[in-house]
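Structure below is data-v4.txt: compact mmCIF, C-alpha atoms (C1' of nucleotides).
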# COMPACT_ATOMS: atom_id res chain seq x y z
CA MET A 7 13.37 72.05 16.95
CA ASN A 8 11.86 72.34 20.38
CA THR A 9 13.38 74.46 23.07
CA ARG A 10 14.26 72.86 26.33
CA LEU A 11 11.68 73.01 29.06
CA PRO A 12 11.91 72.86 32.83
CA ALA A 13 10.68 69.58 34.22
CA GLY A 14 7.35 70.82 35.45
CA GLU A 15 6.32 72.41 32.20
CA ARG A 16 7.51 69.46 30.19
CA ARG A 17 5.40 67.18 32.29
CA GLU A 18 2.33 69.32 31.70
CA GLN A 19 3.00 69.47 28.01
CA ILE A 20 3.35 65.71 27.80
CA LEU A 21 0.05 65.25 29.59
CA ASP A 22 -1.68 67.70 27.28
CA VAL A 23 -0.38 66.06 24.18
CA ALA A 24 -0.92 62.54 25.45
CA VAL A 25 -4.64 63.10 26.01
CA GLN A 26 -5.05 63.89 22.36
CA VAL A 27 -3.02 60.98 21.11
CA PHE A 28 -4.56 58.40 23.40
CA ALA A 29 -8.06 59.71 22.75
CA ARG A 30 -7.57 59.39 19.05
CA ASN A 31 -5.86 56.01 18.90
CA GLY A 32 -6.63 54.25 22.15
CA TYR A 33 -4.26 52.80 24.65
CA HIS A 34 -2.89 49.95 22.61
CA GLY A 35 -3.02 51.89 19.40
CA THR A 36 -0.65 54.45 20.84
CA SER A 37 3.02 53.73 21.33
CA MET A 38 5.30 55.67 23.61
CA ASN A 39 7.10 56.76 20.49
CA ASP A 40 3.86 58.24 19.19
CA VAL A 41 3.45 60.24 22.36
CA ALA A 42 7.07 61.32 22.31
CA ASP A 43 6.83 62.41 18.68
CA ALA A 44 3.67 64.37 19.37
CA ALA A 45 5.41 66.10 22.23
CA GLY A 46 8.43 66.84 20.08
CA VAL A 47 10.85 64.87 22.23
CA THR A 48 12.20 61.35 22.38
CA LYS A 49 11.07 58.38 24.38
CA PRO A 50 13.48 58.48 27.31
CA VAL A 51 12.16 61.93 28.18
CA LEU A 52 8.78 60.39 28.87
CA TYR A 53 10.38 57.98 31.25
CA GLN A 54 11.92 60.83 33.17
CA HIS A 55 8.42 61.91 34.09
CA PHE A 56 6.46 58.69 34.20
CA ASP A 57 7.52 55.25 35.30
CA SER A 58 5.76 53.40 32.57
CA LYS A 59 3.19 53.69 29.85
CA GLN A 60 0.53 52.60 32.28
CA ASP A 61 1.66 55.15 34.79
CA LEU A 62 1.29 57.90 32.21
CA TYR A 63 -2.11 56.65 31.20
CA LEU A 64 -3.38 56.48 34.76
CA ALA A 65 -2.12 59.99 35.41
CA LEU A 66 -4.13 61.13 32.42
CA ILE A 67 -7.30 59.43 33.51
CA ASP A 68 -6.94 60.85 36.94
CA GLU A 69 -6.43 64.40 35.79
CA VAL A 70 -9.17 64.34 33.21
CA GLY A 71 -11.58 62.61 35.56
CA GLN A 72 -10.96 65.15 38.26
CA ARG A 73 -11.63 67.98 35.84
CA MET A 74 -14.97 66.45 34.97
CA ILE A 75 -16.03 65.79 38.53
CA THR A 76 -14.98 69.26 39.56
CA ALA A 77 -16.90 70.91 36.77
CA ILE A 78 -20.07 69.11 37.74
CA SER A 79 -19.66 69.70 41.45
CA LYS A 80 -19.12 73.38 41.01
CA ALA A 81 -22.09 73.71 38.70
CA THR A 82 -24.47 71.95 41.05
CA ALA A 83 -23.22 73.53 44.24
CA GLY A 84 -25.79 76.29 44.24
CA ALA A 85 -28.80 74.19 43.36
CA THR A 86 -31.81 74.63 45.57
CA SER A 87 -33.87 71.69 44.39
CA GLY A 88 -33.39 68.21 43.02
CA LYS A 89 -34.72 69.17 39.66
CA MET A 90 -32.47 72.17 39.44
CA MET A 91 -29.52 70.07 40.46
CA THR A 92 -30.30 67.52 37.80
CA GLU A 93 -30.45 70.16 35.15
CA LEU A 94 -27.32 71.98 36.20
CA GLY A 95 -25.47 68.70 36.51
CA PHE A 96 -26.30 67.47 33.04
CA GLN A 97 -25.57 70.85 31.57
CA ALA A 98 -22.16 70.95 33.18
CA TYR A 99 -21.46 67.48 31.96
CA PHE A 100 -22.40 68.23 28.36
CA ARG A 101 -20.47 71.46 28.52
CA TRP A 102 -17.43 69.52 29.57
CA VAL A 103 -17.92 67.11 26.69
CA ALA A 104 -18.42 69.91 24.19
CA GLN A 105 -15.30 71.71 25.33
CA ASP A 106 -13.04 68.73 25.47
CA HIS A 107 -13.94 65.91 23.13
CA ASP A 108 -10.60 64.26 23.73
CA ALA A 109 -11.11 64.06 27.45
CA PHE A 110 -14.49 62.43 26.97
CA LEU A 111 -13.12 59.95 24.50
CA LEU A 112 -10.26 59.09 26.79
CA LEU A 113 -12.59 58.24 29.62
CA PHE A 114 -15.55 56.73 27.86
CA ALA A 115 -14.86 55.69 24.32
CA THR A 116 -11.29 54.61 24.21
CA GLN A 117 -12.19 51.47 25.83
CA ALA A 118 -8.74 50.33 25.20
CA ASN A 119 -8.76 49.70 28.84
CA ARG A 120 -9.34 46.30 30.13
CA ASP A 121 -6.06 46.84 31.64
CA ALA A 122 -7.19 46.03 35.13
CA ALA A 123 -5.79 49.18 36.69
CA ALA A 124 -7.20 51.51 34.07
CA THR A 125 -10.59 49.88 34.23
CA LYS A 126 -10.61 50.34 37.95
CA ALA A 127 -9.58 53.97 37.69
CA ILE A 128 -12.42 54.72 35.33
CA ARG A 129 -14.87 52.79 37.41
CA THR A 130 -13.91 54.92 40.35
CA ILE A 131 -14.80 58.03 38.42
CA THR A 132 -18.15 56.83 37.14
CA SER A 133 -18.88 55.57 40.58
CA GLU A 134 -18.21 58.96 42.04
CA ALA A 135 -20.57 60.49 39.54
CA ALA A 136 -23.20 57.92 40.40
CA SER A 137 -22.84 58.71 44.07
CA ALA A 138 -23.79 62.26 43.38
CA ILE A 139 -26.87 61.19 41.50
CA ALA A 140 -28.11 58.49 43.82
CA PRO A 141 -29.52 60.82 46.49
CA LEU A 142 -31.88 62.30 43.94
CA ILE A 143 -33.67 59.03 43.57
CA ALA A 144 -36.83 58.36 45.52
CA VAL A 145 -35.78 57.34 48.98
CA GLU A 146 -38.34 54.59 49.18
CA ILE A 147 -36.32 52.53 46.76
CA ASP A 148 -33.77 50.21 48.25
CA HIS A 149 -30.27 51.50 48.33
CA GLU A 150 -28.67 49.05 45.93
CA LYS A 151 -31.32 49.70 43.34
CA GLN A 152 -30.78 53.42 43.74
CA ARG A 153 -27.14 53.05 42.90
CA THR A 154 -27.92 50.84 39.95
CA ILE A 155 -30.28 53.42 38.54
CA ALA A 156 -27.71 56.10 39.17
CA HIS A 157 -25.20 54.19 37.07
CA GLY A 158 -27.86 53.96 34.42
CA LEU A 159 -28.16 57.73 34.33
CA VAL A 160 -24.41 58.04 33.98
CA GLY A 161 -24.74 55.69 31.02
CA LEU A 162 -27.54 57.82 29.65
CA ALA A 163 -25.33 60.87 29.51
CA GLU A 164 -22.51 58.80 28.14
CA GLY A 165 -24.62 57.34 25.35
CA VAL A 166 -25.89 60.73 24.30
CA SER A 167 -22.41 62.20 24.29
CA ARG A 168 -20.77 59.34 22.51
CA ARG A 169 -23.04 59.70 19.56
CA LEU A 170 -22.56 63.43 19.31
CA VAL A 171 -18.81 63.27 19.68
CA GLU A 172 -18.47 60.46 17.18
CA ARG A 173 -20.45 62.40 14.65
CA GLY A 174 -18.29 65.40 15.31
CA GLU A 175 -21.33 67.55 15.67
CA ASP A 176 -21.52 70.82 17.40
CA PHE A 177 -24.28 70.99 19.91
CA ASP A 178 -25.62 73.31 22.53
CA PRO A 179 -24.76 71.69 25.85
CA ASP A 180 -27.20 73.80 27.84
CA GLU A 181 -30.16 72.96 25.68
CA LEU A 182 -29.17 69.32 25.60
CA GLY A 183 -28.70 69.36 29.35
CA ARG A 184 -32.22 70.69 29.83
CA LEU A 185 -33.63 68.03 27.54
CA VAL A 186 -31.85 65.13 29.19
CA ALA A 187 -32.47 66.49 32.67
CA ASN A 188 -36.19 66.67 31.93
CA LEU A 189 -36.16 63.10 30.81
CA ALA A 190 -34.17 61.92 33.79
CA TRP A 191 -36.11 63.89 36.33
CA ALA A 192 -39.50 62.80 35.09
CA GLY A 193 -38.21 59.25 34.95
CA LEU A 194 -36.93 59.38 38.48
CA ARG A 195 -40.22 60.74 39.77
CA ALA A 196 -42.05 57.95 38.03
CA ILE A 197 -40.32 55.03 39.66
CA GLY A 198 -41.87 54.43 42.99
CA PRO A 199 -41.29 52.06 45.87
CA THR A 200 -42.78 49.15 43.98
CA SER A 201 -40.89 48.51 40.79
CA MET B 839 -6.59 15.33 25.52
CA ASN B 840 -9.25 16.56 23.20
CA THR B 841 -10.83 14.40 20.58
CA ARG B 842 -10.76 15.53 17.01
CA LEU B 843 -13.71 17.47 15.78
CA PRO B 844 -15.21 18.05 12.36
CA ALA B 845 -14.51 21.51 11.03
CA GLY B 846 -17.96 22.95 11.67
CA GLU B 847 -18.11 21.92 15.28
CA ARG B 848 -14.56 23.03 15.94
CA ARG B 849 -15.40 26.44 14.59
CA GLU B 850 -18.40 26.71 16.88
CA GLN B 851 -16.37 25.55 19.85
CA ILE B 852 -13.70 28.11 19.14
CA LEU B 853 -16.28 30.87 18.98
CA ASP B 854 -17.84 29.75 22.24
CA VAL B 855 -14.57 29.63 24.05
CA ALA B 856 -13.26 32.84 22.51
CA VAL B 857 -16.20 34.87 23.81
CA GLN B 858 -15.27 33.91 27.33
CA VAL B 859 -11.58 34.60 26.94
CA PHE B 860 -11.98 37.92 25.17
CA ALA B 861 -14.69 39.03 27.57
CA ARG B 862 -12.49 38.33 30.52
CA ASN B 863 -9.22 39.77 29.23
CA GLY B 864 -10.08 42.13 26.44
CA TYR B 865 -8.84 42.16 22.90
CA HIS B 866 -5.25 43.09 23.54
CA GLY B 867 -5.10 41.15 26.74
CA THR B 868 -5.88 37.97 24.88
CA SER B 869 -3.37 36.26 22.63
CA MET B 870 -4.22 33.75 19.99
CA ASN B 871 -2.34 31.24 22.11
CA ASP B 872 -4.69 31.97 24.98
CA VAL B 873 -7.67 31.26 22.78
CA ALA B 874 -6.06 28.14 21.42
CA ASP B 875 -5.23 26.86 24.89
CA ALA B 876 -8.74 27.52 26.09
CA ALA B 877 -10.07 25.58 23.14
CA GLY B 878 -7.65 22.76 23.80
CA VAL B 879 -5.90 23.05 20.45
CA THR B 880 -2.91 24.87 19.02
CA LYS B 881 -2.67 28.14 17.25
CA PRO B 882 -2.60 27.02 13.62
CA VAL B 883 -5.98 25.40 14.12
CA LEU B 884 -7.45 28.83 14.74
CA TYR B 885 -6.02 30.03 11.49
CA GLN B 886 -7.74 27.20 9.67
CA HIS B 887 -11.03 28.77 10.65
CA PHE B 888 -10.27 32.48 10.82
CA ASP B 889 -7.97 34.60 8.71
CA SER B 890 -6.62 36.66 11.54
CA LYS B 891 -7.17 37.63 15.14
CA GLN B 892 -9.26 40.55 14.02
CA ASP B 893 -11.33 38.33 11.79
CA LEU B 894 -12.09 36.06 14.72
CA TYR B 895 -12.96 39.00 16.92
CA LEU B 896 -15.29 40.54 14.39
CA ALA B 897 -17.01 37.20 13.89
CA LEU B 898 -17.61 37.11 17.62
CA ILE B 899 -19.02 40.59 17.80
CA ASP B 900 -21.27 39.88 14.92
CA GLU B 901 -22.65 36.68 16.34
CA VAL B 902 -23.14 38.02 19.81
CA GLY B 903 -24.65 41.25 18.55
CA GLN B 904 -27.11 39.42 16.38
CA ARG B 905 -28.19 37.27 19.30
CA MET B 906 -28.91 40.38 21.32
CA ILE B 907 -30.83 42.16 18.59
CA THR B 908 -32.82 39.05 17.82
CA ALA B 909 -33.75 38.52 21.44
CA ILE B 910 -35.07 42.05 21.73
CA SER B 911 -36.89 42.00 18.42
CA LYS B 912 -38.68 38.78 19.23
CA ALA B 913 -39.66 39.99 22.65
CA THR B 914 -41.13 43.23 21.41
CA ALA B 915 -42.82 41.79 18.34
CA GLY B 916 -46.17 41.32 20.04
CA ALA B 917 -46.32 44.65 21.81
CA THR B 918 -49.51 46.60 21.37
CA SER B 919 -48.41 49.92 22.81
CA GLY B 920 -45.31 52.01 23.14
CA LYS B 921 -45.18 51.54 26.85
CA MET B 922 -45.53 47.80 26.54
CA MET B 923 -42.85 47.73 23.92
CA THR B 924 -40.51 49.68 26.13
CA GLU B 925 -41.03 47.31 28.98
CA LEU B 926 -40.69 44.14 26.94
CA GLY B 927 -37.63 45.51 25.23
CA PHE B 928 -35.77 46.38 28.39
CA GLN B 929 -36.75 43.11 29.95
CA ALA B 930 -35.43 41.16 26.99
CA TYR B 931 -32.23 43.14 27.11
CA PHE B 932 -31.63 42.53 30.78
CA ARG B 933 -32.53 38.89 30.36
CA TRP B 934 -29.90 38.66 27.70
CA VAL B 935 -27.35 40.29 29.99
CA ALA B 936 -28.27 38.03 32.90
CA GLN B 937 -27.96 34.91 30.81
CA ASP B 938 -24.74 35.78 29.10
CA HIS B 939 -22.47 38.09 31.03
CA ASP B 940 -19.61 37.34 28.69
CA ALA B 941 -21.52 38.46 25.65
CA PHE B 942 -22.38 41.73 27.32
CA LEU B 943 -18.83 42.34 28.39
CA LEU B 944 -17.55 41.57 24.93
CA LEU B 945 -19.80 44.17 23.37
CA PHE B 946 -19.88 46.89 25.98
CA ALA B 947 -17.16 46.62 28.55
CA THR B 948 -14.16 45.17 26.81
CA GLN B 949 -13.46 48.42 25.29
CA ALA B 950 -10.28 46.99 24.04
CA ASN B 951 -11.59 48.08 20.75
CA ARG B 952 -10.42 51.26 19.25
CA ASP B 953 -9.45 49.02 16.53
CA ALA B 954 -11.30 50.94 13.88
CA ALA B 955 -13.12 47.95 12.46
CA ALA B 956 -14.25 46.62 15.81
CA THR B 957 -15.42 50.02 16.94
CA LYS B 958 -17.45 50.34 13.80
CA ALA B 959 -18.97 46.90 14.21
CA ILE B 960 -20.12 47.70 17.70
CA ARG B 961 -21.39 51.09 16.68
CA THR B 962 -23.50 49.37 14.07
CA ILE B 963 -25.12 47.26 16.72
CA THR B 964 -25.88 50.04 19.16
CA SER B 965 -27.14 52.06 16.28
CA GLU B 966 -29.52 49.33 15.31
CA ALA B 967 -30.80 49.22 18.85
CA ALA B 968 -31.24 52.97 18.85
CA SER B 969 -33.21 52.80 15.65
CA ALA B 970 -35.70 50.56 17.33
CA ILE B 971 -36.08 52.98 20.20
CA ALA B 972 -36.27 56.21 18.27
CA PRO B 973 -39.84 55.80 17.04
CA LEU B 974 -41.05 55.71 20.61
CA ILE B 975 -39.94 59.24 21.16
CA ALA B 976 -42.43 62.07 20.83
CA VAL B 977 -42.74 62.84 17.15
CA GLU B 978 -42.72 66.54 17.68
CA ILE B 979 -39.04 66.42 18.47
CA ASP B 980 -36.70 66.85 15.59
CA HIS B 981 -35.33 63.70 14.11
CA GLU B 982 -31.69 64.13 15.01
CA LYS B 983 -32.55 64.84 18.60
CA GLN B 984 -34.70 61.74 18.67
CA ARG B 985 -31.81 59.60 17.65
CA THR B 986 -29.55 61.24 20.17
CA ILE B 987 -31.99 60.51 22.95
CA ALA B 988 -32.34 56.97 21.68
CA HIS B 989 -28.60 56.48 22.01
CA GLY B 990 -28.90 57.85 25.49
CA LEU B 991 -31.40 55.16 26.39
CA VAL B 992 -29.09 52.52 25.00
CA GLY B 993 -26.46 53.96 27.29
CA LEU B 994 -28.91 53.89 30.18
CA ALA B 995 -29.37 50.16 29.82
CA GLU B 996 -25.68 49.70 29.33
CA GLY B 997 -24.79 51.64 32.47
CA VAL B 998 -27.23 49.68 34.58
CA SER B 999 -25.96 46.38 33.24
CA ARG B 1000 -22.32 47.21 33.52
CA ARG B 1001 -22.60 47.84 37.19
CA LEU B 1002 -24.52 44.66 37.85
CA VAL B 1003 -22.25 42.49 35.77
CA GLU B 1004 -19.12 43.96 37.26
CA ARG B 1005 -20.38 43.29 40.73
CA GLY B 1006 -21.22 39.77 39.70
CA GLU B 1007 -24.65 40.12 41.20
CA ASP B 1008 -27.61 38.04 40.37
CA PHE B 1009 -30.62 40.12 39.50
CA ASP B 1010 -34.13 39.67 38.25
CA PRO B 1011 -34.12 40.94 34.68
CA ASP B 1012 -37.89 41.22 34.47
CA GLU B 1013 -38.20 43.33 37.57
CA LEU B 1014 -35.27 45.45 36.51
CA GLY B 1015 -36.74 45.79 33.05
CA ARG B 1016 -39.99 47.08 34.50
CA LEU B 1017 -38.15 49.57 36.66
CA VAL B 1018 -35.99 50.95 33.88
CA ALA B 1019 -38.83 50.93 31.41
CA ASN B 1020 -40.94 52.98 33.79
CA LEU B 1021 -38.15 55.46 34.11
CA ALA B 1022 -37.57 55.65 30.40
CA TRP B 1023 -41.20 55.83 29.45
CA ALA B 1024 -42.06 58.54 31.89
CA GLY B 1025 -38.96 60.40 30.79
CA LEU B 1026 -39.87 60.15 27.15
CA ARG B 1027 -43.40 61.40 27.81
CA ALA B 1028 -41.98 64.34 29.67
CA ILE B 1029 -39.83 65.76 26.94
CA GLY B 1030 -42.00 67.75 24.67
CA PRO B 1031 -41.50 69.77 21.54
CA THR B 1032 -39.82 72.54 23.48
CA SER B 1033 -36.77 71.29 25.29
C1' DG C 852 36.48 79.12 34.11
C1' DT C 853 35.15 74.83 35.65
C1' DC C 854 32.27 71.71 37.92
C1' DG C 855 28.10 69.45 38.29
C1' DC C 856 23.26 69.25 37.48
C1' DC C 857 19.66 68.87 34.38
C1' DT C 858 17.40 68.16 29.93
C1' DG C 859 17.95 65.80 26.07
C1' DT C 860 19.57 62.26 22.40
C1' DT C 861 21.28 57.94 20.06
C1' DA C 862 21.31 53.37 19.88
C1' DC C 863 20.21 49.42 21.69
C1' DC C 864 17.98 45.13 24.23
C1' DC C 865 14.52 41.75 24.67
C1' DT C 866 9.94 40.06 25.26
C1' DT C 867 5.46 39.44 23.37
C1' DG C 868 2.72 37.77 20.08
C1' DG C 869 0.63 37.48 15.24
C1' DG C 870 1.24 34.54 11.64
C1' DT C 871 3.22 30.41 8.83
C1' DA C 872 5.86 26.31 6.75
C1' DA C 873 6.48 21.81 7.13
C1' DC C 874 5.34 17.66 8.94
C1' DC C 875 2.24 13.70 11.25
C1' DG C 876 -1.50 10.37 12.46
C1' DT C 877 -6.20 8.84 11.61
C1' DT C 878 -9.95 7.69 9.08
C1' DA C 879 -12.66 6.69 4.99
C1' DT C 880 -12.68 4.95 0.28
C1' DG C 881 -11.75 2.16 -3.57
C1' DC D 349 -3.46 -2.19 1.67
C1' DA D 350 -2.61 2.25 -1.00
C1' DT D 351 -3.88 6.84 -0.86
C1' DA D 352 -6.06 11.09 -0.33
C1' DA D 353 -8.37 14.23 2.67
C1' DC D 354 -8.49 16.17 6.91
C1' DG D 355 -7.56 17.62 11.65
C1' DG D 356 -3.80 18.51 14.21
C1' DT D 357 1.16 19.58 15.98
C1' DT D 358 6.01 21.33 16.33
C1' DA D 359 9.02 24.72 15.53
C1' DC D 360 9.94 28.70 13.71
C1' DC D 361 9.99 33.80 11.64
C1' DC D 362 9.66 38.56 12.29
C1' DA D 363 7.79 43.15 13.48
C1' DA D 364 6.29 46.10 17.08
C1' DG D 365 7.10 48.27 20.95
C1' DG D 366 8.14 48.92 26.13
C1' DG D 367 12.01 50.08 28.48
C1' DT D 368 17.13 51.38 29.32
C1' DA D 369 22.31 52.38 29.21
C1' DA D 370 25.41 55.52 27.87
C1' DC D 371 26.55 59.66 26.22
C1' DA D 372 26.08 65.07 24.95
C1' DG D 373 25.63 69.78 25.76
C1' DG D 374 24.04 74.03 27.97
C1' DC D 375 23.42 76.81 32.12
C1' DG D 376 23.79 78.24 36.90
C1' DA D 377 26.75 78.20 41.24
C1' DC D 378 30.85 79.11 43.23
Could you write out this structure as structure tokens?
Amino acid sequence: MNTRLPAGERREQILDVAVQVFARNGYHGTSMNDVADAAGVTKPVLYQHFDSKQDLYLALIDEVGQRMITAISKATAGATSGKMMTELGFQAYFRWVAQDHDAFLLLFATQANRDAAATKAIRTITSEAASAIAPLIAVEIDHEKQRTIAHGLVGLAEGVSRRLVERGEDFDPDELGRLVANLAWAGLRAIGPTS
Amino acid sequence: MNTRLPAGERREQILDVAVQVFARNGYHGTSMNDVADAAGVTKPVLYQHFDSKQDLYLALIDEVGQRMITAISKATAGATSGKMMTELGFQAYFRWVAQDHDAFLLLFATQANRDAAATKAIRTITSEAASAIAPLIAVEIDHEKQRTIAHGLVGLAEGVSRRLVERGEDFDPDELGRLVANLAWAGLRAIGPTS
DNA sequence: GTCGCCTGTTACCCTTGGGTAACCGTTATG
DNA sequence: CATAACGGTTACCCAAGGGTAACAGGCGAC
């Protein structure tokens, strides 16, 4: 039997546990009872901390997304060149994936979204990531196209990670980051003003 | 009121209509009644053609996925170089996206999957696409890494498309294909045997 | 000590929605 | 015309699951 917890800690614990459960079974595959069981409490306790299932889920996405963005921002803060920034950024991203498979799955594989609000929340995050990438792209290219390409690079990292996470493989995020950054950087240099 | 249709045609019509409905609202956001309404019939008619909701959904994924793979295969069949193949492939892909937003959304955005079977079905498709790409990658790189990169390129195309489709923009798939192919090709040439 | 707050629980409600049984009208065939 | 085959409908069953009302018990404040 679980000891009682003060509200704040209980809330944190629920969030921790919920990431795992949602990541493994998706939004619709996870019932509030599942989350409650995993947390070692009963359903009404969840509703003391979150208004609804969706509210809980959005809180998760937000927290996890912020962790990712923060990790990448910090890593790239000291970069002194575009290429360096690219490399540090990808490395930080893959490090985040390697450390927290569940978080990655929650954001990018558990596409049990399609709940309008959740979809929007995730789009906001990828969009933020794309915004960071866009400035690295040759300035001669028109702005819209820059952003499109930037979203493509987000997808690139996502595709790579999805495969690795699904296979449950261990991988070296720094090496992988260098590899992907090389690809991306060379690619970006190659696309000029005219298609 | 809808006229009666012979079984074969009704089945086709249901599939056509279901792609749209599922693409717009996701798996869990779509009830069998929704599909039936959209098709102008009642629920039991659906069950004359498909065993279950999941069965219908998997049939959709399969059909749509095959259309995509076929389009790309045909387009790249006549390529005489890796670079040409890359370009033709991406162009065919983006043409497919441009022509059939719903199909794209069904496969890649309606992540209302996480139903184990559906997830697997989609993974099969992306995997097939990756298999086609892998051989283009420098042979000196180890095989597993090749496949990982290939999945990354699938994600690249996916990320680009998702943004465009979500924004509801018209775009020129051939021009976009050239742009992305340039990026990818240059990137692939840049990654050598050593990270 | 006792009062009230705070963390929990039990037991329930009620909608949504997948799936089905039973029935009906139309059309083709002899 | 009888009748069988077929496409379709109405009306229902039932489980899953989000959400809640009402109650229980410990711990700090006074």
For this session: Return the neighbours of chain C among the residues of chain A, cut-off 10 Å, counting all atoms listed in the file, as a count of residues only.
Result: 11
Problem set entry | Option closest in space to chain A, from B:Leu974, B:Leu1014, B:Ala917, B:Val902 [counting all atoms listed in the file] | B:Leu1014
Problem set entry | Distance query stretch 932-940 of chain B at most 7 Å, all atoms listed in the file, self and fewer than 3 positions along chain excluded, as an NGL selection string | :B and (857-858 or 861 or 906 or 928-929 or 943-944 or 1003 or 1011 or 1015)
Take the selection from the previous step and output its residues with C-alpha atoms, as a CSV table (one decimal), in the coordinates of the input.
chain,number,residue,atom,x,y,z
B,857,VAL,CA,-16.2,34.9,23.8
B,858,GLN,CA,-15.3,33.9,27.3
B,861,ALA,CA,-14.7,39.0,27.6
B,906,MET,CA,-28.9,40.4,21.3
B,928,PHE,CA,-35.8,46.4,28.4
B,929,GLN,CA,-36.8,43.1,30.0
B,943,LEU,CA,-18.8,42.3,28.4
B,944,LEU,CA,-17.6,41.6,24.9
B,1003,VAL,CA,-22.2,42.5,35.8
B,1011,PRO,CA,-34.1,40.9,34.7
B,1015,GLY,CA,-36.7,45.8,33.0
Problem set entry | Å distance separating atom CA of B:Arg1001 from atom CA of B:Thr908, one decimal place | 23.6 Å
Exercise. So how far away is atom CA of B:Ala995 from atom CA of A:Ala127, in Å?
Worked result: 21.6 Å
For this session: Give as a VMD selection string every residue of chain A that touches chain B within 10 Å, counting only C-alpha atoms.
Result: chain A and resid 29 to 35 114 to 122 125 129 132 to 133 151 153 to 170 172 181 to 198 200 to 201
For this session: Give the answer as one residue: which of A:Asp22, A:Asp43, A:Asp57, A:Glu175 has the shortest atom-to-atom distance to chain D, using only C-alpha atoms (C1' of nucleotides)?
Result: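 When distances to chain D are compared using only C-alpha atoms (C1' of nucleotides), the smallest one comes from A:Asp57.
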Please report, as a Markdown table, each residue of chain A lying at most 9 Å from chain D, together with the nearest pair of atoms and the separation in Å rounded to one decimal; use only C-alpha atoms (C1' of nucleotides), and order rows by chain and ascending residue number.
| residue | atom | partner | partner_atom | distance |
| --- | --- | --- | --- | --- |
| A:Ser37 | CA | D:DG365 | C1' | 6.8 |
| A:Met38 | CA | D:DG366 | C1' | 7.7 |
| A:Asn39 | CA | D:DG365 | C1' | 8.5 |
| A:Pro50 | CA | D:DT368 | C1' | 8.2 |
| A:Tyr53 | CA | D:DG367 | C1' | 8.5 |
| A:Ser58 | CA | D:DG367 | C1' | 8.2 |
| A:Lys59 | CA | D:DG366 | C1' | 7.8 |
Go ahead and save the residues from that selection, with C-alpha atoms, as an mmCIF file, in the coordinates of the input.
data_model
loop_
_atom_site.group_PDB
_atom_site.id
_atom_site.type_symbol
_atom_site.label_atom_id
_atom_site.label_comp_id
_atom_site.auth_asym_id
_atom_site.auth_seq_id
_atom_site.Cartn_x
_atom_site.Cartn_y
_atom_site.Cartn_z
ATOM 1 C CA SER A 37 3.020 53.730 21.330
ATOM 2 C CA MET A 38 5.300 55.670 23.610
ATOM 3 C CA ASN A 39 7.100 56.760 20.490
ATOM 4 C CA PRO A 50 13.480 58.480 27.310
ATOM 5 C CA TYR A 53 10.380 57.980 31.250
ATOM 6 C CA SER A 58 5.760 53.400 32.570
ATOM 7 C CA LYS A 59 3.190 53.690 29.850
#
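Note that atom CA of B:Ile899 and atom CA of B:Ala856 are 10.7 Å apart.
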Let me have the centre and edge lengths of the axis-aligned box enclosing all listed atoms of stretch 368-378 of chain D with 5 Å padding on every side, in Å to one decimal, as lines of an AutoDock Vina configuration file.
center_x = 24.0
center_y = 65.2
center_z = 34.1
size_x = 23.7
size_y = 37.7
size_z = 28.3
